[in-house]
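Below is one structure, written out as structure tokens, with a few remarks after it.
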Amino acid sequence: MANRPARGPKVNAAGLSKADYNGRPTTLCKGCGHNSISSQIITTCYELSIKPWDIIKLSGIGCSSKSPAYFLGQSHGFNALHGRMPSVGTGALMANRQLLAVGVSGDGDSGSIGMGQFKHMMRRNVRMVYIVENNGVYGLTKGQFSATADEGQFLKYAGKNELPPIDLCIEAIVAGAGFVARSFSGDAKQVRTLMKAALSYNGTALLDIISPCVTFNNDESSTKSYPFGKDNELPLHDLTYVPSFEEIEAVEYEPGEMQNVDMHDGSTIQLRKLEEDYDPTDKMGALHRLQWAEQKREFITGLIYYDDKRKPLDEVEMLVDEPLATLPDEKIRPPKEKLDMIMNELL
Amino acid sequence: MANRPARGPKVNAAGLSKADYNGRPTTLCKGCGHNSISSQIITTCYELSIKPWDIIKLSGIGCSSKSPAYFLGQSHGFNALHGRMPSVGTGALMANRQLLAVGVSGDGDSGSIGMGQFKHMMRRNVRMVYIVENNGVYGLTKGQFSATADEGQFLKYAGKNELPPIDLCIEAIVAGAGFVARSFSGDAKQVRTLMKAALSYNGTALLDIISPCVTFNNDESSTKSYPFGKDNELPLHDLTYVPSFEEIEAVEYEPGEMQNVDMHDGSTIQLRKLEEDYDPTDKMGALHRLQWAEQKREFITGLIYYDDKRKPLDEVEMLVDEPLATLPDEKIRPPKEKLDMIMNELL
Amino acid sequence: MAIREAASQAAPLPEGVDPIVNDFSIVVATANGTGSQTANLAIMRAIFKMGIPVNGKNIFPSNIQGLPTWYHIRVSGDGYVARRANSEVLVAFNEATAIEDLQNLPSGGVCIYRDDLKGLPNREDVSMYPVPVVKLLKEIGAKGQFRDRYTNMLYVGVVAYLLNIDLEKVDLALDIHFKRRRKLVDMNMDVIKLCYNWAAENLTKTDPFVVEPLDKTEGKILMTGNDAAGLGTVFGGLTVCTWYPITPSTSMIDAVNAYLPRMRVDEESGKATYAVVQAEDELAAIGMVLGAGWAGARSMTATSGPGISLMSEFVGLGYFAEIPGVIWNIQRVGPSTGLPTRTGQGDIIPAYYCGHGDTKNILLLPGTIHECFQMGTTSFNLAEQFQTVVFVLSDLDLGMNTWMSEVFDYPEEPINRGKVLTAEEVEEKGFARYKDLDGDGIGYRTLPGTKSTKAAYFTRGTGRNSAAVYSERAEDWLETMDRLMRKFDTAREAVPAPIVEEMDDSSYGIISFGTTMYAIEEARDRLAAEGTKTSFMRLRALPIGQAVRDFVAKHDRVYVIEMNRDGQMHTILRDEMPEMNMKMISIAHQDGMPLTARYVVDRLNELEAQHGK
Amino acid sequence: MAIREAASQAAPLPEGVDPIVNDFSIVVATANGTGSQTANLAIMRAIFKMGIPVNGKNIFPSNIQGLPTWYHIRVSGDGYVARRANSEVLVAFNEATAIEDLQNLPSGGVCIYRDDLKGLPNREDVSMYPVPVVKLLKEIGAKGQFRDRYTNMLYVGVVAYLLNIDLEKVDLALDIHFKRRRKLVDMNMDVIKLCYNWAAENLTKTDPFVVEPLDKTEGKILMTGNDAAGLGTVFGGLTVCTWYPITPSTSMIDAVNAYLPRMRVDEESGKATYAVVQAEDELAAIGMVLGAGWAGARSMTATSGPGISLMSEFVGLGYFAEIPGVIWNIQRVGPSTGLPTRTGQGDIIPAYYCGHGDTKNILLLPGTIHECFQMGTTSFNLAEQFQTVVFVLSDLDLGMNTWMSEVFDYPEEPINRGKVLTAEEVEEKGFARYKDLDGDGIGYRTLPGTKSTKAAYFTRGTGRNSAAVYSERAEDWLETMDRLMRKFDTAREAVPAPIVEEMDDSSYGIISFGTTMYAIEEARDRLAAEGTKTSFMRLRALPIGQAVRDFVAKHDRVYVIEMNRDGQMHTILRDEMPEMNMKMISIAHQDGMPLTARYVVDRLNELEAQHGK
Ligand SMILES: Cc1ncc(C[n+]2csc(CCOP(=O)(O)OP(=O)(O)O)c2C)c(N)n1
Ligand SMILES: Cc1ncc(C[n+]2csc(CCOP(=O)(O)OP(=O)(O)O)c2C)c(N)n1
Ligand code: SF4
Ligand code: SF4
Ligand SMILES: [Mg+2]
Ligand SMILES: [Mg+2]
């Protein structure tokens, strides 16, 4: 299957058309940011020629968490409980370490009820793309403030939000995550590039994607709205993802303008810096920049932090290469001699 | 009661002896760090002449969380569920905003199962002293690693800890807390001073006190041990707490050596700087310093971060001054006219 | 668009046809998120204002926009308000379901439909009324977001004309809905009248359904159960309310949030005599409730199934450490996420036994919106009297749908704070928190802040003696647990008594609780008309008291009717009355929809054929 | 300290006294955290190695250091292993409880005590043997942390001398305990021998209690239930284990962690065929179990009461979305935190109904350590066959105390992965996840990673049709829920059958489960000796099958014995067998201590006086 079949340009290296990556028709609102993200997931997987059975999709509860039904219809999916996607994902990836995993959550799902699991997944570095479709409200329950809502924001239904927002990128970095990015569902190209890189990452990759809720939180006064995002997005860099099987294009740049991040699977992320001093491999710099952005209501996007020194959980656990799920009986039940050995010790 | 009674120096301004602040005999291990902290709570409340009925003590589950039974025996206490002290405290302080509250938790209780409630309490800024008796292990369940254990640490029973530690001070700051301190249960004076200041703070005051578990985690190779703490404690400043009713002593210092923090109740924290550039009112500086300390295994102590711009939850909720708990019936059941008004609207 | 005059004449009945007056159901099929609720409520409330009993049920999807939703309006001169499986009058405004909706119409029914629906067949046995939506919208000049809104008003006009609904009452209905903002009312009335006129000019009535004014709604209100419950807690002395959003409980909190600032701001200080805290999840919500209850608040939270599961550990603590707190469970269909926008009664066992170890909790079971209001007080009183967690088990049907009721009386139940000692009492008589001084299993408590050095005690979920001191002794454990059982037994006669309607010479008894009563009442009338007399007991709380035993004892057979799969109440009742258990027969059915009288009649007849002699 | 020789002679019996041989209990009272467990196990294992049946129970506080703890060793030539309320031989080494401990001794008992205990009275009717601890420690030259350790060994020497325990067997016991590290063994044996010799020189035996070699433990092992369970899961094909520490389940995970690396490292790669993850809490632990089960692992977690409460929401998801997973609940005393180091059976109802809405879960109920081992396989098999959450309800007594057993046989139960389709099967026959093709209520599933574009399905906790597509339709809901019920019914005859011991002409039946069987077996023998014959059924699982019905049908009265307050199993059995419910009489008792035969005999006789004719 490695070679493109003869059918023409409409299929990818896996022999699949883009439609093969579709899911069921969306039931989200027209214009919902989450729908754009679903599209980017479809495109990404198509472009990377991922086989549908090699990837799983996971989610919690919310409009965002419903969306896995609307992409990758030929892949297994698990729409779990509110705030609990991380644990379900962790279990699934222990059972089968060969799977790629895309988790989709919401700001309420991850920042409110799911804060604990979110933080501990980052600590464990489970190999998975963790997408937060961040709209600053609880969409599915009709517009209450979530933990990422702007301080002082006013919504007709929910009133005034008196609490400071939780910044999930900061939370992920301080919890130990090594791939932390922020993007905007209106910026399809960046979303796609980050997604590809995230799928190459050897651990938990957080994509905090601002994804406006057009029904409940799309006024320009909200930092989670389309108008605000479109007017204020401040990419830290232009990103290009170069998969392992492609050559890196050599383009001339000013010194210091370009930064390459080499990933464990041989792929590379090329960053053309838009913000001069920004170096995503500098943890303190990243935290500092995020704090600053929050104070100034700046909407920075891009690969905020990158570090690949930590092992993912499956390596820490020193798992055999094959999925635990399908080990043959002989490998999961020790032979009689081993039982006899133990019994002898106890006799 | 404001004047000292005639009995002599053995009672405080509330007319109580120090023994009046004792609890039941401790059942913790001899030498446990938590016992020293209990002593400091006793001394602090005695020295501040707090009336026992004006203060409540709250906790989760663990050796640390048992300790409220061992101090302030004449105050109401609530030993709640594992990881859930923050919510119980929030409820209690909504019911009665006049109470002072001391919460005691452990690193497992707050950093593992309680991460979500910990973070959200900081966000809400409930007026309460939140003490984490941090020993890097689950004491009461006999020595498993908690979320604050050192990365790479080895314990005979628990094996090697492969996960990075969670720094509760960082967690508190990024979640919005305005009084964040770290101390060492071996440093009685500092603990006491911080506790007094914390009791004056108009919001959630986190005291992350390294409190060695002598039974399961006291080897000098652990950053949570006595030997390590004694050898490595690096106070950022010398602290003095000056209650509102006392004059601030004017002492001569080099310029920049001294910093005064004025608190909302009229009291003052005097900091004599030991680390020249450290300014606890600078949020990014504080985060930076904590990150740095973690990387270098430095054991910094003192008032790490201070900010009093946020209102505590009871003020955000605009509660009446009296405790909601004891409002008379007329205040909690509207008169008949109000019901008639509503009914008329629906007729 | 100028204010229009409506045609003065209602649709004339076809000749030779007997009218069907005030006894039919309307179903409006639209898509979610299009704002049709305003239109539907206008129709319902207008009929109500004509003096005719009504009930409105919204059958909606778990979705924000675009999926099918059905609004059922039952019109019943006899006052029946249960759901009917089939409606006679269909407003088919949703393309996605129109064909199936039309199929479901009984012969002789009415179909009012958008004329641009694709593929809708004609049914000869149904009166078909097309509405040219696009043309009418153009006439109105509605653009953008107004198109959706006005589309809904179109059918209001047509329905009003065809069914003979008084337009003045429609105006009144909108006036209430829009809280007297006349401009909004007039804009909408204009559209309605335009369509009314259009219908008068273009449609010929071929069906027999009409409304005629009655006098049966005088002094009555229309309200949802969640609004009533929210209002009830405000009058019940609520001081701390915590919550986490979950359908169908959220609208109860919306009501609390709406009423509190209007009624419970302290007049002197202008400050709040209450705190409402949106928690980060249900674990925190119930933790805050117990913390507040412990410190002396009248505290509550509202949630639904998944929330109950998450609250279990805290509920067990509340039971054991004896802390007051109220949980409103507006039930939806479980297990798990289940059908989050459908109604059921599946949390009886989960709530009764909520917690691990031996726990048993007091449950209140409101069946009317008036009871929702009353239990706002009762639940706090019981929680504080019994120092325990009290559940109120409402459901989506009661909570989110719109019901008629007599005007609520000012609560006659006084606020009862339970056994709380003052500093003086403590100093005088001493204090042992868990001592059973009165033999009712209930100890005395003190609140934090009580100004006595003897008032303090330490609350915990671990074993303790009667002085609240930690204890692992077997005797102390037994004493505590036996006392808790005794306390639970005391509650039997203190909780709201069941409501009984007996008929002389009844063939059998029926027990139910909550909203199944509406279908059952109608079913009983029908059965009585067929010659079968029945007696009916509606439970309003658990644990049961003597009245329930007496009722069962009196009858040869008692059918226990409930909306779940496993007959949970039946299980509890049989456990409570083992000596009479074979008399109790379960009718348990849950498919997400409110029970119908038809179902009840059929099942009763079917089972009677088996069990009756 | 050189290796010593022990005096060759055991203590001579006092003249004219009939010896009491191999039939008494020893209780050792010490303080927690002093390491006395090694000494106690040495005594017990030495007696065991002499061929005499024993059982050891640790009654310990919820504390790390300094609080009273009692170790009970039952010595029974007849093989009884239940707890006895009073022990005849007391080792009083804890000042805090010594006076009370001495009071509890029956007349004619033995008290071996530290001679420095303050205020210990002399009891004339008891053989008092003082041990000069300080003096002996000085003689040994023990300092620092060794003082505590050696203090415990002191009493081993004295007890061995007085009771005639073979020192070679003590040596053997320590050899096993210290895993053949001879140096440690010898150091301890030295102390023991010193004290043995001291006792021989200084004490005169005045009591009749002795052990004498038997041949009743040949081929038997001593082990805790948690060790056996841990080992069982390792042989049961465990692949993903998640956990959060909680007493008394932690030691089961300790066993898993100890055995896995020894037995389940892949020989070729040297890598692990398993993952063990310490979760951040129980919500995460069960979430991981379900994620892993969904992806095809044999996954489990172990917890206790509070954990079960926290897991409720996920358990409901597992039930409804049909995901395999195993939860070991090592029960302790609840509600709430309760008595965390005491034993009970209070989570039957909470586990059976765990989840909101209508859920019912399969429970396994091990009663022996051998069953703990076997259920390591059975639990995974049932979870995968029935695609659901399976609970195994052990308890602290079984899990943490030390029991005798026959050597475990290699599991005869094959590993059963349930209905899982391969890519080829999917391609060939198609796939509808929730279709009941076999009429047993169990659908076929596919695992993520199955290399077919038709293998995928979407798992969720919301309503769905049989093809796993989201659905809110009433019919789909009913179909799903009915099938789940059918599946549960299929399980009735697939779970481990009860064990029945009938006596001819028995007066009544007894039903129990778990560790109550030991007291019941002893009680039945005593009753039989008094002339009352009884039949006994020990349940090993829920839901019940035909065998249970038959057993109840056969007897006029059946006593259901369990360790909780509310008679939870009794409630379930009566619900399952309503037509026979009045036959079933509850004996429910929970005070944290394992049941005694005395209690069982007394209660049965008392109730028989009421209910028997
Ligand atoms: C335990 C539990 N509590 C509450 C809910 C109700 N609920 C469903 S979605 C949701 C909020 C989702 O918000 P978010 O994660 O931000 O997703 P969005 O809808 O905004 O995409 C809530 C509270 C639930 N399903 N389960
Ligand atoms: C829900 C729940 N899970 C687990 C436990 C068991 N448990 C008791 S204490 C404890 C850990 C406490 O650790 P920490 O908070 O660090 O306190 P320490 O004992 O170290 O002071 C655990 C896991 C429990 N009581 N409740
Ligand atoms: S409610 Fe908001 S988040 Fe939900 S689907 Fe609609 S736009 Fe998206
Ligand atoms: S185990 Fe550790 S934390 Fe617990 S009381 Fe002992 S020393 Fe303290
Ligand atoms: Mg959201
Ligand atoms: Mg700890």
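Residues are named by chain letter and number: chains run A, B, ... in the order of the structure tokens, numbers start at 1 in each chain, and ligands are numbered from 1 in the order shown.
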Could you list, as number ranges by chain, every residue within 7 Å of range 207-215 of chain B, counting only C-alpha atoms and ignoring same-chain residues fewer than 6 positions away?
B: 31-34, 130-135, 139, 168-169, 180-185, 224-226
Within 8 Å of ligand 5 (only C-alpha atoms and all ligand atoms), residues as a PDB file with C-alpha atoms, in the first residue's frame:
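Result file follows (pocket.pdb):
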```
ATOM      1  CA  GLY A  62     -19.607  18.678  25.615  1.00  0.00           C
ATOM      2  CA  CYS A  63     -20.230  20.003  22.121  1.00  0.00           C
ATOM      3  CA  SER A  64     -16.502  19.661  21.505  1.00  0.00           C
ATOM      4  CA  GLY A 106     -13.542  21.328  25.823  1.00  0.00           C
ATOM      5  CA  ASP A 107     -12.496  24.082  28.159  1.00  0.00           C
ATOM      6  CA  GLY A 108     -15.155  23.037  30.631  1.00  0.00           C
ATOM      7  CA  ASP A 109     -14.282  19.422  30.180  1.00  0.00           C
ATOM      8  CA  GLU A 133     -11.617  23.175  21.706  1.00  0.00           C
ATOM      9  CA  ASN A 134     -11.597  26.262  23.836  1.00  0.00           C
ATOM     10  CA  ASN A 135     -14.563  28.600  23.667  1.00  0.00           C
ATOM     11  CA  GLY A 136     -14.703  29.982  27.193  1.00  0.00           C
ATOM     12  CA  VAL A 137     -18.175  28.623  27.844  1.00  0.00           C
ATOM     13  CA  TYR A 138     -20.055  25.434  28.402  1.00  0.00           C
ATOM     14  CA  GLY A 139     -21.642  25.125  24.994  1.00  0.00           C
ATOM     15  CA  LEU A 140     -23.727  22.021  25.416  1.00  0.00           C
ATOM     16  CA  SER A 146     -16.101  27.893  31.998  1.00  0.00           C
ATOM     17  CA  CYS A 213     -19.062  29.156  20.260  1.00  0.00           C
TER      18      CYS A 213
END
```
What is the distance between CA of Gln74 in chain A and CA of Tyr21 in chain A, in Å to one decimal?
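These atoms are spaced 7.0 Å apart.
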Distance-based interface of chain A with chain B, 10 Å, counting only C-alpha atoms, as a ChimeraX atom specification:
/A:111-120,122-125,147,162-167,170-171,174-177,283-285,287-289,291-292,310-311,313,316-317
Compute the chain C side of the contact with chain A at 6 Å, counting only C-alpha atoms, and hand it back as a ChimeraX atom specification.
/C:65,280-281
Write down, as a PyMOL selection string, each residue of chain D that has any atom within 6 Å of an atom of chain C, counting only C-alpha atoms.
chain D and resi 305+309+312-313+316-317+334-339+346-347+350+356-358+461-463+474+478+591
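A straight line drawn from CA of Met400 in chain D to CA of Ile415 in chain D is 27.2 Å long.
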Hey, what's within 6 Å of Ser506 in chain C if we count only C-alpha atoms and toss same-chain stuff fewer than 3 positions away? As number ranges by chain, please?
C: 503, 533-535
Any chance you could list, as number ranges by chain, the residues in range 33-204 of chain D that come up strand (DSSP E or B) when DSSP is run on the backbone?
D: 54-59, 68-76, 83, 89-92, 110-114, 127-131
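The space separating CA of Pro106 in chain C from CA of Phe48 in chain C comes to 24.6 Å.
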Smallest atom-to-atom distance to Leu163 in chain C: which of C:Gly144, C:Pro213, C:Pro324, C:Gly509, using only C-alpha atoms?
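Closest to Leu163 in chain C of all the choices is C:Pro213.
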Apply DSSP to the backbone of this structure and, from range 136-321 of chain B, keep only the residues in alpha helix (DSSP H); write these as a ChimeraX atom specification.
/B:168-175,188-200,226-232,283-296,313-316
Among listed residues A:Met94, A:Ala69, A:Leu100, A:Leu48, nearest Ser244 in chain A (using only C-alpha atoms)
A:Leu48
Using only C-alpha atoms and all ligand atoms, find the one residue out of D:Ala541, D:Ile64, D:Ile26, D:Ala468 that sits nearest to ligand 2.
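Selected residue with least distance to ligand 2: D:Ile64.
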Spatial neighbours of Val156 in chain D, 12 Å, only C-alpha atoms, chain gap at least 5 places, as a ChimeraX atom specification
/D:26,28,36-47,91,93,112,131,149-151,161-167,170-171,173-174,188-197,199
For N, CA and C atoms, I'd like the residues from the last selection saved as a tab-separated table (two decimals), in the first residue's frame.
```tsv
chain	number	residue	atom	x	y	z
D	26	ILE	N	-4.09	-17.49	70.81
D	26	ILE	CA	-3.08	-16.61	71.37
D	26	ILE	C	-3.40	-15.20	70.89
D	28	VAL	N	-1.51	-11.42	70.81
D	28	VAL	CA	-0.32	-10.65	71.11
D	28	VAL	C	-0.67	-9.18	71.03
D	36	SER	N	6.17	-5.86	65.22
D	36	SER	CA	5.84	-7.11	65.89
D	36	SER	C	5.29	-8.17	64.93
D	37	GLN	N	4.91	-7.73	63.73
D	37	GLN	CA	4.34	-8.66	62.77
D	37	GLN	C	5.29	-9.84	62.49
D	38	THR	N	6.58	-9.56	62.39
D	38	THR	CA	7.55	-10.63	62.13
D	38	THR	C	7.52	-11.68	63.23
D	39	ALA	N	7.48	-11.21	64.46
D	39	ALA	CA	7.45	-12.12	65.59
D	39	ALA	C	6.17	-12.96	65.58
D	40	ASN	N	5.06	-12.29	65.32
D	40	ASN	CA	3.78	-12.99	65.35
D	40	ASN	C	3.69	-14.04	64.25
D	41	LEU	N	4.15	-13.66	63.08
D	41	LEU	CA	4.13	-14.61	61.98
D	41	LEU	C	5.06	-15.78	62.27
D	42	ALA	N	6.18	-15.51	62.94
D	42	ALA	CA	7.10	-16.59	63.28
D	42	ALA	C	6.42	-17.61	64.20
D	43	ILE	N	5.72	-17.11	65.19
D	43	ILE	CA	5.00	-18.02	66.10
D	43	ILE	C	3.98	-18.84	65.31
D	44	MET	N	3.19	-18.13	64.52
D	44	MET	CA	2.14	-18.83	63.80
D	44	MET	C	2.70	-19.85	62.82
D	45	ARG	N	3.69	-19.43	62.07
D	45	ARG	CA	4.19	-20.32	61.04
D	45	ARG	C	4.91	-21.53	61.65
D	46	ALA	N	5.54	-21.31	62.78
D	46	ALA	CA	6.21	-22.43	63.45
D	46	ALA	C	5.17	-23.48	63.85
D	47	ILE	N	4.07	-23.02	64.40
D	47	ILE	CA	3.02	-23.98	64.80
D	47	ILE	C	2.48	-24.69	63.57
D	91	VAL	N	-0.19	-12.28	75.20
D	91	VAL	CA	1.14	-11.69	75.31
D	91	VAL	C	0.91	-10.19	75.47
D	93	PHE	N	2.25	-6.93	75.76
D	93	PHE	CA	3.46	-6.12	75.58
D	93	PHE	C	3.14	-4.65	75.30
D	112	ILE	N	1.50	-13.56	79.49
D	112	ILE	CA	2.94	-13.35	79.40
D	112	ILE	C	3.12	-11.86	79.23
D	131	VAL	N	8.11	-11.04	81.94
D	131	VAL	CA	9.33	-11.11	81.14
D	131	VAL	C	10.14	-9.83	81.40
D	149	ARG	N	12.73	-4.20	67.67
D	149	ARG	CA	12.67	-5.47	66.96
D	149	ARG	C	12.95	-6.65	67.87
D	150	TYR	N	13.97	-6.49	68.69
D	150	TYR	CA	14.32	-7.62	69.54
D	150	TYR	C	13.33	-7.81	70.66
D	151	THR	N	12.73	-6.71	71.08
D	151	THR	CA	11.70	-6.85	72.11
D	151	THR	C	10.64	-7.87	71.66
D	161	TYR	N	8.80	-21.56	74.51
D	161	TYR	CA	9.11	-22.43	75.64
D	161	TYR	C	7.84	-22.89	76.34
D	162	LEU	N	7.00	-21.95	76.65
D	162	LEU	CA	5.81	-22.29	77.46
D	162	LEU	C	4.84	-23.19	76.71
D	163	LEU	N	4.69	-22.95	75.40
D	163	LEU	CA	3.69	-23.72	74.65
D	163	LEU	C	4.29	-24.94	73.98
D	164	ASN	N	5.60	-25.09	74.14
D	164	ASN	CA	6.22	-26.27	73.55
D	164	ASN	C	6.32	-26.19	72.04
D	165	ILE	N	6.60	-25.02	71.54
D	165	ILE	CA	6.77	-24.87	70.09
D	165	ILE	C	8.19	-25.25	69.71
D	166	ASP	N	8.29	-26.03	68.68
D	166	ASP	CA	9.57	-26.57	68.22
D	166	ASP	C	10.44	-25.43	67.69
D	167	LEU	N	11.61	-25.23	68.29
D	167	LEU	CA	12.45	-24.12	67.86
D	167	LEU	C	12.96	-24.28	66.44
D	170	VAL	N	10.54	-22.77	64.38
D	170	VAL	CA	10.62	-21.31	64.43
D	170	VAL	C	11.72	-20.84	63.47
D	171	ASP	N	12.82	-21.56	63.49
D	171	ASP	CA	13.91	-21.24	62.57
D	171	ASP	C	13.41	-21.31	61.12
D	173	ALA	N	10.39	-21.04	60.04
D	173	ALA	CA	9.42	-19.96	59.80
D	173	ALA	C	10.14	-18.66	59.47
D	174	LEU	N	11.20	-18.37	60.24
D	174	LEU	CA	11.94	-17.14	59.97
D	174	LEU	C	12.68	-17.24	58.64
D	188	ASN	N	18.04	-13.25	64.73
D	188	ASN	CA	16.78	-13.31	65.46
D	188	ASN	C	16.68	-14.59	66.29
D	189	MET	N	17.15	-15.67	65.72
D	189	MET	CA	17.06	-16.94	66.45
D	189	MET	C	17.89	-16.86	67.73
D	190	ASP	N	18.99	-16.16	67.65
D	190	ASP	CA	19.81	-15.99	68.84
D	190	ASP	C	19.02	-15.37	69.99
D	191	VAL	N	18.30	-14.33	69.66
D	191	VAL	CA	17.50	-13.66	70.69
D	191	VAL	C	16.43	-14.61	71.21
D	192	ILE	N	15.81	-15.28	70.29
D	192	ILE	CA	14.73	-16.19	70.68
D	192	ILE	C	15.27	-17.29	71.62
D	193	LYS	N	16.40	-17.81	71.25
D	193	LYS	CA	16.95	-18.90	72.07
D	193	LYS	C	17.36	-18.40	73.45
D	194	LEU	N	17.94	-17.20	73.45
D	194	LEU	CA	18.32	-16.63	74.74
D	194	LEU	C	17.12	-16.58	75.68
D	195	CYS	N	16.01	-16.13	75.11
D	195	CYS	CA	14.82	-15.97	75.95
D	195	CYS	C	14.20	-17.32	76.28
D	196	TYR	N	14.31	-18.20	75.35
D	196	TYR	CA	13.83	-19.57	75.60
D	196	TYR	C	14.59	-20.12	76.80
D	197	ASN	N	15.89	-19.96	76.76
D	197	ASN	CA	16.72	-20.45	77.85
D	197	ASN	C	16.40	-19.73	79.16
D	199	ALA	N	13.64	-18.44	79.95
D	199	ALA	CA	12.35	-18.94	80.42
D	199	ALA	C	12.51	-20.30	81.08
```
